[in-house]
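Content type mmCIF, C-alpha atoms, from the file input-v3.cif:
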data_structure
loop_
_atom_site.label_atom_id
_atom_site.label_comp_id
_atom_site.auth_asym_id
_atom_site.auth_seq_id
_atom_site.Cartn_x
_atom_site.Cartn_y
_atom_site.Cartn_z
CA MET A 537 78.39 81.05 75.55
CA ASN A 538 78.37 83.48 72.63
CA ILE A 539 80.31 86.69 73.25
CA THR A 540 79.57 88.03 69.77
CA GLN A 541 78.40 86.36 66.59
CA ASP A 542 81.92 85.01 65.94
CA ILE A 543 83.44 84.79 69.42
CA ARG A 544 82.66 81.89 71.76
CA TYR A 545 83.52 81.35 75.41
CA VAL A 546 85.19 77.96 75.99
CA GLY A 547 86.57 78.40 79.52
CA VAL A 548 85.89 76.42 82.70
CA ASP A 549 84.84 76.97 86.31
CA ASP A 550 86.93 75.58 89.15
CA HIS A 551 85.11 74.79 92.41
CA GLU A 552 87.81 72.38 93.59
CA ILE A 553 90.38 75.05 94.38
CA ASP A 554 90.84 76.32 97.95
CA LEU A 555 93.79 78.71 97.58
CA PHE A 556 94.53 80.57 94.34
CA GLU A 557 98.29 80.85 93.78
CA GLY A 558 98.64 78.95 97.05
CA GLN A 559 97.65 81.96 99.16
CA TYR A 560 94.36 83.64 98.23
CA ILE A 561 91.17 82.17 99.71
CA VAL A 562 88.60 81.71 96.95
CA PRO A 563 85.35 80.55 98.60
CA ASN A 564 83.45 80.89 95.33
CA GLY A 565 86.04 79.15 93.19
CA MET A 566 87.81 80.48 90.12
CA ALA A 567 87.13 80.85 86.41
CA TYR A 568 89.79 80.10 83.82
CA ASN A 569 88.66 81.86 80.68
CA SER A 570 89.44 80.89 77.13
CA TYR A 571 87.83 82.10 73.93
CA VAL A 572 87.71 81.12 70.27
CA ILE A 573 87.23 83.46 67.31
CA LEU A 574 85.54 81.76 64.36
CA ASP A 575 86.46 83.34 61.02
CA GLU A 576 88.12 82.23 57.77
CA LYS A 577 90.96 81.39 60.10
CA ILE A 578 90.25 80.39 63.69
CA ALA A 579 92.09 81.75 66.70
CA VAL A 580 91.98 80.25 70.20
CA MET A 581 92.68 82.75 72.97
CA ASP A 582 94.72 81.03 75.72
CA THR A 583 94.12 77.69 77.43
CA VAL A 584 93.14 76.82 81.03
CA ASP A 585 94.49 75.19 84.19
CA ALA A 586 96.00 71.71 83.82
CA ARG A 587 93.27 69.99 85.85
CA PHE A 588 90.60 71.01 83.35
CA GLY A 589 92.31 70.09 80.09
CA GLU A 590 89.80 67.50 78.94
CA GLU A 591 86.79 69.66 79.78
CA TRP A 592 88.35 72.61 77.96
CA LEU A 593 89.20 70.55 74.87
CA GLN A 594 85.60 69.34 74.75
CA ASN A 595 84.32 72.91 75.03
CA LEU A 596 86.68 73.91 72.24
CA SER A 597 85.64 70.97 70.05
CA ASP A 598 81.98 71.85 70.51
CA ALA A 599 82.66 75.45 69.46
CA LEU A 600 84.77 74.41 66.47
CA ASN A 601 82.01 72.09 65.19
CA GLY A 602 84.38 69.96 63.14
CA ARG A 603 86.83 72.70 62.17
CA THR A 604 90.41 73.02 63.41
CA PRO A 605 92.15 76.07 64.89
CA ASP A 606 94.72 77.95 62.87
CA TYR A 607 96.21 79.91 65.76
CA LEU A 608 96.66 79.63 69.51
CA ILE A 609 97.27 83.09 70.91
CA VAL A 610 99.14 83.00 74.21
CA GLN A 611 98.68 86.24 76.10
CA HIS A 612 100.02 85.09 79.47
CA MET A 613 102.26 82.18 80.41
CA GLU A 614 101.14 81.52 83.99
CA PRO A 615 100.18 77.85 84.12
CA ASP A 616 96.54 78.53 85.01
CA HIS A 617 96.29 79.85 81.43
CA SER A 618 99.03 78.02 79.54
CA ALA A 619 99.01 74.51 80.99
CA ASN A 620 97.17 72.96 78.04
CA ILE A 621 99.31 74.32 75.22
CA VAL A 622 100.84 70.90 74.65
CA LYS A 623 97.44 69.15 74.77
CA LEU A 624 96.07 71.52 72.16
CA LEU A 625 99.07 70.92 69.90
CA GLU A 626 98.73 67.16 70.30
CA THR A 627 95.06 67.42 69.33
CA TYR A 628 95.54 70.02 66.57
CA PRO A 629 99.20 69.70 65.50
CA ASP A 630 98.99 72.23 62.65
CA THR A 631 98.08 75.09 64.98
CA VAL A 632 100.47 78.06 64.91
CA VAL A 633 101.31 79.42 68.36
CA VAL A 634 101.27 83.23 68.49
CA GLY A 635 103.17 85.12 71.16
CA ASN A 636 105.94 87.62 71.69
CA ALA A 637 109.61 86.89 72.22
CA GLN A 638 109.21 86.69 76.00
CA THR A 639 106.30 84.28 75.58
CA PHE A 640 108.42 81.74 73.79
CA ARG A 641 111.33 82.05 76.20
CA MET A 642 108.98 81.14 79.03
CA MET A 643 107.28 78.43 76.99
CA GLU A 644 110.62 76.68 76.54
CA GLN A 645 111.07 76.74 80.32
CA PHE A 646 107.58 75.50 81.20
CA TYR A 647 106.87 73.19 78.27
CA PRO A 648 110.01 72.24 76.34
CA MET A 649 107.94 69.59 74.53
CA ALA A 650 106.15 72.47 72.75
CA GLY A 651 109.42 73.57 71.18
CA SER A 652 108.69 71.99 67.80
CA ALA A 653 105.42 73.89 67.36
CA GLN A 654 104.99 76.34 64.53
CA ARG A 655 105.47 79.86 65.87
CA LYS A 656 104.51 83.38 64.99
CA VAL A 657 106.44 85.95 67.03
CA VAL A 658 104.63 89.29 67.24
CA SER A 659 105.74 92.70 68.40
CA ASN A 660 103.87 95.63 69.88
CA ASN A 661 100.90 96.84 67.77
CA GLU A 662 101.44 94.12 65.16
CA THR A 663 98.24 92.85 63.57
CA LEU A 664 96.96 89.49 62.41
CA SER A 665 94.08 89.05 59.96
CA LEU A 666 91.69 86.13 60.45
CA GLY A 667 89.51 87.22 57.55
CA ALA A 668 86.76 89.55 58.70
CA HIS A 669 88.50 90.00 62.06
CA THR A 670 91.78 91.82 62.53
CA LEU A 671 93.64 91.32 65.79
CA GLN A 672 96.03 93.91 67.22
CA PHE A 673 98.56 92.79 69.81
CA ILE A 674 99.52 95.26 72.53
CA LEU A 675 102.45 94.34 74.75
CA ALA A 676 101.76 94.91 78.44
CA PRO A 677 104.99 93.95 80.20
CA MET A 678 104.73 93.51 83.98
CA VAL A 679 100.95 93.47 84.03
CA HIS A 680 101.87 91.39 85.93
CA TRP A 681 104.48 89.18 84.19
CA PRO A 682 107.01 90.43 81.61
CA GLU A 683 105.54 88.49 78.66
CA VAL A 684 101.95 89.69 79.06
CA MET A 685 100.16 91.06 76.03
CA VAL A 686 96.53 91.92 75.34
CA THR A 687 94.67 91.52 72.07
CA TYR A 688 92.18 93.89 70.46
CA ASP A 689 89.67 92.65 67.88
CA SER A 690 88.87 95.79 65.90
CA THR A 691 85.94 94.13 64.12
CA ASP A 692 83.86 93.26 67.18
CA LYS A 693 85.61 95.90 69.33
CA VAL A 694 86.60 93.33 71.93
CA LEU A 695 89.63 93.66 74.21
CA PHE A 696 91.05 90.35 75.39
CA SER A 697 92.66 91.77 78.51
CA ALA A 698 94.76 88.88 79.88
CA ASP A 699 94.70 89.08 83.71
CA GLY A 700 93.52 92.69 83.57
CA PHE A 701 89.94 93.28 84.75
CA GLY A 702 89.85 89.81 86.26
CA LYS A 703 88.41 88.75 89.59
CA PHE A 704 88.21 85.83 91.97
CA GLY A 705 85.11 83.64 91.73
CA ALA A 706 83.67 81.14 89.25
CA LEU A 707 81.31 82.43 86.57
CA ASP A 708 78.34 80.52 88.00
CA THR A 709 78.61 82.59 91.19
CA ASP A 710 76.44 85.66 91.65
CA GLU A 711 78.50 88.20 93.56
CA ASP A 712 79.54 91.84 93.46
CA TRP A 713 82.30 92.45 90.93
CA ALA A 714 84.19 95.22 92.72
CA CYS A 715 84.99 93.46 96.00
CA GLU A 716 86.62 90.37 94.50
CA ALA A 717 88.11 92.29 91.57
CA ARG A 718 89.72 94.73 94.02
CA ARG A 719 91.15 91.93 96.16
CA TYR A 720 92.39 90.19 93.02
CA TYR A 721 93.94 93.33 91.54
CA ILE A 722 95.69 94.51 94.71
CA GLY A 723 96.93 91.06 95.64
CA ILE A 724 98.22 90.00 92.25
CA VAL A 725 98.78 93.09 90.10
CA GLY A 726 98.99 95.84 92.74
CA LYS A 727 102.75 96.35 92.65
CA TYR A 728 102.65 97.27 88.98
CA GLY A 729 100.50 100.38 88.97
CA VAL A 730 102.76 102.27 86.54
CA GLN A 731 102.57 99.44 84.04
CA VAL A 732 98.78 99.22 84.35
CA GLN A 733 98.55 102.96 83.79
CA ASN A 734 100.57 102.52 80.59
CA LEU A 735 98.15 99.84 79.44
CA LEU A 736 95.14 102.03 80.25
CA LYS A 737 96.62 104.81 78.13
CA ALA A 738 97.03 102.42 75.21
CA ALA A 739 93.47 101.13 75.71
CA ALA A 740 92.11 104.68 75.71
CA ALA A 741 92.94 104.92 72.01
CA LEU A 742 90.74 101.91 71.22
CA ASP A 743 86.98 101.71 70.74
CA ILE A 744 86.26 98.98 73.29
CA GLN A 745 82.74 97.59 73.62
CA VAL A 746 83.52 94.29 75.36
CA ILE A 747 86.31 93.24 77.76
CA CYS A 748 87.19 89.53 77.91
CA PRO A 749 89.53 88.83 80.85
CA LEU A 750 91.23 85.56 81.71
CA HIS A 751 89.41 85.39 85.05
CA GLY A 752 85.93 86.56 85.95
CA PRO A 753 82.95 87.66 83.88
CA VAL A 754 82.98 89.10 80.39
CA LEU A 755 82.28 92.83 80.77
CA THR A 756 79.78 94.24 78.29
CA GLU A 757 78.00 97.16 79.98
CA ASN A 758 79.06 100.33 81.77
CA LEU A 759 82.71 99.80 80.87
CA GLY A 760 83.53 103.26 82.20
CA TYR A 761 82.89 101.95 85.72
CA TYR A 762 85.50 99.20 85.38
CA LEU A 763 88.01 101.48 83.68
CA GLU A 764 87.57 104.07 86.43
CA LYS A 765 88.19 101.45 89.13
CA TYR A 766 91.37 100.30 87.40
CA ASP A 767 92.54 103.89 87.04
CA ILE A 768 92.05 104.51 90.77
CA TRP A 769 93.67 101.26 91.83
CA SER A 770 96.66 101.56 89.50
CA SER A 771 97.31 105.21 90.40
CA TYR A 772 97.05 104.35 94.12
CA GLY A 773 94.23 106.82 94.54
CA VAL A 774 91.78 106.75 97.44
CA GLU A 775 88.70 104.84 96.37
CA SER A 776 86.54 105.40 99.46
CA GLU A 777 86.72 107.96 102.25
CA GLY A 778 87.21 106.24 105.57
CA VAL A 779 89.62 104.87 108.15
CA MET A 780 91.02 101.38 108.48
CA ILE A 781 92.27 100.32 111.91
CA ALA A 782 94.43 97.20 111.59
CA TYR A 783 95.50 95.60 114.85
CA THR A 784 97.10 92.61 116.51
CA SER A 785 96.57 91.93 120.20
CA VAL A 786 97.99 89.31 122.58
CA TYR A 787 95.84 89.70 125.69
CA GLY A 788 93.15 92.01 124.39
CA ASN A 789 94.43 95.41 125.50
CA THR A 790 95.55 96.59 122.05
CA LYS A 791 92.24 95.35 120.67
CA LYS A 792 90.43 97.50 123.26
CA ALA A 793 92.41 100.52 122.07
CA ALA A 794 91.54 99.81 118.42
CA LEU A 795 87.85 99.44 119.25
CA SER A 796 87.91 102.55 121.44
CA LEU A 797 89.35 104.61 118.58
CA ALA A 798 86.77 103.19 116.17
CA LYS A 799 83.93 104.14 118.52
CA LYS A 800 85.27 107.67 118.94
CA LEU A 801 85.54 108.10 115.17
CA GLU A 802 82.02 106.83 114.57
CA GLU A 803 80.62 109.11 117.26
CA LYS A 804 82.34 112.06 115.57
CA GLY A 805 80.74 111.24 112.22
CA CYS A 806 83.52 109.45 110.35
CA PRO A 807 81.88 108.14 107.15
CA LYS A 808 83.43 104.65 107.37
CA VAL A 809 85.53 102.85 109.97
CA VAL A 810 86.87 99.36 109.25
CA VAL A 811 88.50 97.40 112.08
CA ALA A 812 90.56 94.30 111.23
CA ASP A 813 92.14 91.67 113.49
CA LEU A 814 95.15 90.71 111.41
CA ALA A 815 95.60 87.39 113.21
CA ARG A 816 92.09 86.16 112.43
CA GLU A 817 90.87 87.78 109.25
CA ASP A 818 91.80 87.04 105.66
CA MET A 819 95.07 88.88 105.11
CA ALA A 820 94.22 89.62 101.48
CA GLU A 821 90.96 91.27 102.56
CA CYS A 822 92.89 93.39 105.06
CA VAL A 823 95.40 94.47 102.42
CA GLU A 824 92.50 95.31 100.10
CA ASP A 825 90.95 97.62 102.70
CA ALA A 826 94.25 99.36 103.40
CA PHE A 827 94.41 100.34 99.74
CA ARG A 828 90.72 101.17 99.52
CA TYR A 829 90.55 103.77 102.29
CA GLY A 830 92.53 106.97 102.69
CA LYS A 831 93.60 106.65 106.32
CA LEU A 832 95.30 103.75 108.09
CA ILE A 833 95.94 103.25 111.81
CA LEU A 834 98.32 100.44 112.73
CA ALA A 835 97.97 99.09 116.26
CA THR A 836 100.21 96.37 117.65
CA THR A 837 102.29 95.16 120.55
CA THR A 838 106.01 95.19 121.02
CA TYR A 839 107.04 91.57 120.54
CA ASN A 840 110.58 90.27 121.03
CA GLY A 841 111.82 93.83 120.65
CA ASP A 842 110.06 93.95 117.30
CA ILE A 843 106.36 93.78 116.37
CA PHE A 844 103.78 91.03 116.38
CA PRO A 845 104.31 88.72 113.36
CA PHE A 846 100.92 89.28 111.72
CA MET A 847 101.49 93.03 111.72
CA LYS A 848 104.91 92.56 110.19
CA THR A 849 103.40 90.40 107.46
CA PHE A 850 100.66 92.95 106.83
CA ILE A 851 103.10 95.86 106.42
CA ASP A 852 105.27 93.72 104.16
CA HIS A 853 102.23 93.09 101.94
CA LEU A 854 101.60 96.84 101.78
CA THR A 855 105.12 97.94 100.98
CA GLU A 856 105.76 95.25 98.37
CA ARG A 857 102.65 96.52 96.56
CA ASN A 858 103.89 100.14 96.58
CA TYR A 859 101.54 101.39 99.30
CA GLN A 860 101.42 105.20 99.02
CA LYS A 861 99.34 108.40 99.05
CA ARG A 862 97.73 107.63 102.42
CA THR A 863 97.56 109.14 105.91
CA VAL A 864 98.99 106.86 108.60
CA SER A 865 99.49 106.73 112.36
CA PHE A 866 100.32 104.22 115.08
CA ILE A 867 99.09 102.76 118.33
CA GLU A 868 101.81 100.84 120.14
CA ASN A 869 101.63 98.74 123.28
CA GLY A 870 104.52 97.68 125.48
CA THR A 871 104.85 96.80 129.16
CA TRP A 872 108.49 97.77 129.73
CA ALA A 873 110.09 98.96 126.46
CA PRO A 874 107.63 99.91 123.69
CA THR A 875 109.33 99.81 120.28
CA ALA A 876 106.42 98.99 117.96
CA LYS A 877 105.90 102.50 116.60
CA ARG A 878 109.56 102.85 115.67
CA VAL A 879 109.60 99.44 113.98
CA MET A 880 106.39 100.06 112.01
CA ALA A 881 107.53 103.53 110.92
CA GLY A 882 110.84 102.04 109.80
CA MET A 883 109.12 99.42 107.69
CA LEU A 884 107.00 102.10 106.01
CA GLU A 885 110.08 104.04 104.95
CA LYS A 886 109.88 101.87 101.82
CA SER A 887 106.64 103.66 100.91
CA LYS A 888 106.37 107.11 99.39
CA ASP A 889 103.88 109.95 99.70
CA LEU A 890 102.67 108.94 103.16
CA THR A 891 101.41 111.64 105.52
CA TYR A 892 101.72 110.93 109.23
CA LEU A 893 99.33 112.20 111.86
CA THR A 894 100.76 114.45 114.55
CA ASN A 895 99.14 112.22 117.16
CA SER A 896 100.15 108.64 117.89
CA VAL A 897 99.36 106.57 120.97
CA THR A 898 101.57 104.62 123.37
CA ILE A 899 99.92 102.19 125.79
CA ARG A 900 101.75 100.79 128.79
CA SER A 901 100.14 97.35 129.18
CA ALA A 902 96.51 98.53 129.39
CA LEU A 903 94.44 101.58 128.58
CA ASN A 904 94.29 104.32 131.19
CA ALA A 905 93.10 107.92 131.31
CA GLU A 906 96.26 109.18 129.60
CA SER A 907 96.13 106.74 126.66
CA GLU A 908 92.37 107.25 126.28
CA ALA A 909 93.04 110.97 126.00
CA ALA A 910 95.67 110.25 123.36
CA LEU A 911 93.13 108.20 121.41
CA GLU A 912 90.68 111.10 121.67
CA ALA A 913 93.30 113.48 120.28
CA MET A 914 94.02 111.07 117.41
CA ALA A 915 90.32 110.82 116.60
CA GLU A 916 89.96 114.62 116.60
CA GLU A 917 92.90 114.99 114.25
CA ILE A 918 91.54 112.36 111.85
CA ILE A 919 88.14 114.03 111.75
CA SER A 920 89.72 117.44 111.21
CA LEU A 921 91.36 116.15 108.02
CA GLY A 922 87.95 115.40 106.53
#

Spell out the structure here as structure tokens.
Amino acid sequence: MNITQDIRYVGVDDHEIDLFEGQYIVPNGMAYNSYVILDEKIAVMDTVDARFGEEWLQNLSDALNGRTPDYLIVQHMEPDHSANIVKLLETYPDTVVVGNAQTFRMMEQFYPMAGSAQRKVVSNNETLSLGAHTLQFILAPMVHWPEVMVTYDSTDKVLFSADGFGKFGALDTDEDWACEARRYYIGIVGKYGVQVQNLLKAAAALDIQVICPLHGPVLTENLGYYLEKYDIWSSYGVESEGVMIAYTSVYGNTKKAALSLAKKLEEKGCPKVVVADLAREDMAECVEDAFRYGKLILATTTYNGDIFPFMKTFIDHLTERNYQKRTVSFIENGTWAPTAKRVMAGMLEKSKDLTYLTNSVTIRSALNAESEAALEAMAEEIISLG
């Protein structure tokens, strides 16, 4: 695939994978992207996952058409992008590996056999001329590893964005970008919003016409849309007006409360209500929705004097990703000693800029007239906030 006249795509699609990073369901597979810039000197941009080394080397050989690479630029050391560094050096031993100081520290840990390779250590904003193309390296620490850098080709106005602007899904899959990009961003990069904001500020000074991420499609049109999404996600802004009701339920009574609240909200004209059973739905999808919408209701049972395990896991996922700037309330259920609200509120003390509704709901075993009235009051308060 030609990205520009001089830039070729040499990545691979992975339809064998079931869980990305051992935890994220990827029903449409995964793309591991790699690129090559053909100039007086040739630069290869990253490698791919270990299982696809031979396919990638063949793609690279086809693009090189008898030539050999001068540089391998390593933007990110996670093994799904770096696993074939040694194979490339065995095939093209004169290649100079380009990275920053952190890159090479990690390379020695992952691939000590690459230690004899020729190296070029670059610093922030340093440039490298390939001939007609000049590459500028921009360090992006903690987006989402400390060694990450992105590369800007000022000639073709291409940003090689490392894991930024990536998404789940192989390239031969036709699917909406935003849904899987949002789940990818929040799950993998979401904790590091400040660092992403810093990168966006640096990118704003560049004339970018094409974005080449390490996962997902090459972005060539309407780049403002993708940049706006990343700005919202990394600043923890509300992307869509609506309410998410996340629940766990043992015998169905807490579920009935969650569904009752959802119905009341819909009848009152709430623009969007999302209800999620945390025990049965993809946890990453649930976390994605909690960040997408502006209001979150947590509904669970008291369980061993604590809360139901799936709810605990869900809140942990939120807080470790710096969940903030949202409106929250609770529905708790307990037969003899309800403690769920207290436990959930305590877990959310790790988050900042949360606003709590005046109304919460306590159920004693099953819904009754009193708890239904409390749900009605909660719905009224949510609607009143707009």

List, as a VMD selection string, every residue that the PyMOL selection byres ((chain A and resi 840) around 12) selects in the file provided.
chain A and resid 837 to 839 841 to 845 870 to 876 879

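Within the 7 Å cut-off around segment 788-804 of chain A, using all atoms listed in the file and omitting residues fewer than 5 positions from it on the same chain, the listed residues are Ile781, Tyr783, Val809, Ala835, Thr836, Asn869, Ala902, Leu903, Leu911, Glu912 and Ala915 of chain A.
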
Have a look at A:His612, A:Arg655, A:Lys577, A:Lys808 and name the one nearest to Leu625 of chain A; count all atoms listed in the file.
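The shortest atom-to-atom distance to Leu625 of chain A comes from A:Arg655.
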
Please return as a list in words every residue within 9 Å of (90.5, 73.5, 61.0), taking into account all atoms listed in the file and the file's own coordinates.
Lys577, Ile578, Leu600, Gly602, Arg603, Thr604, Pro605, Asp606, Tyr628, Asp630 and Thr631 of chain A

Using all atoms listed in the file, which protein or nucleic acid residues come within 9 Å of segment 553-559 of chain A? Drop anything in the same chain fewer than 4 positions from it, and give the result as a ChimeraX atom specification.
/A:563,565-566,704,820

Residue IDs satisfying the PyMOL selection byres ((chain A and resi 652) around 12), as a PyMOL selection string:
chain A and resi 622+625-626+629-633+640+643-644+647-651+653-655

Coordinates-based distance that separates atom CA of Trp592 of chain A from atom CA of Gly547 of chain A (Å, one decimal):
6.3 Å
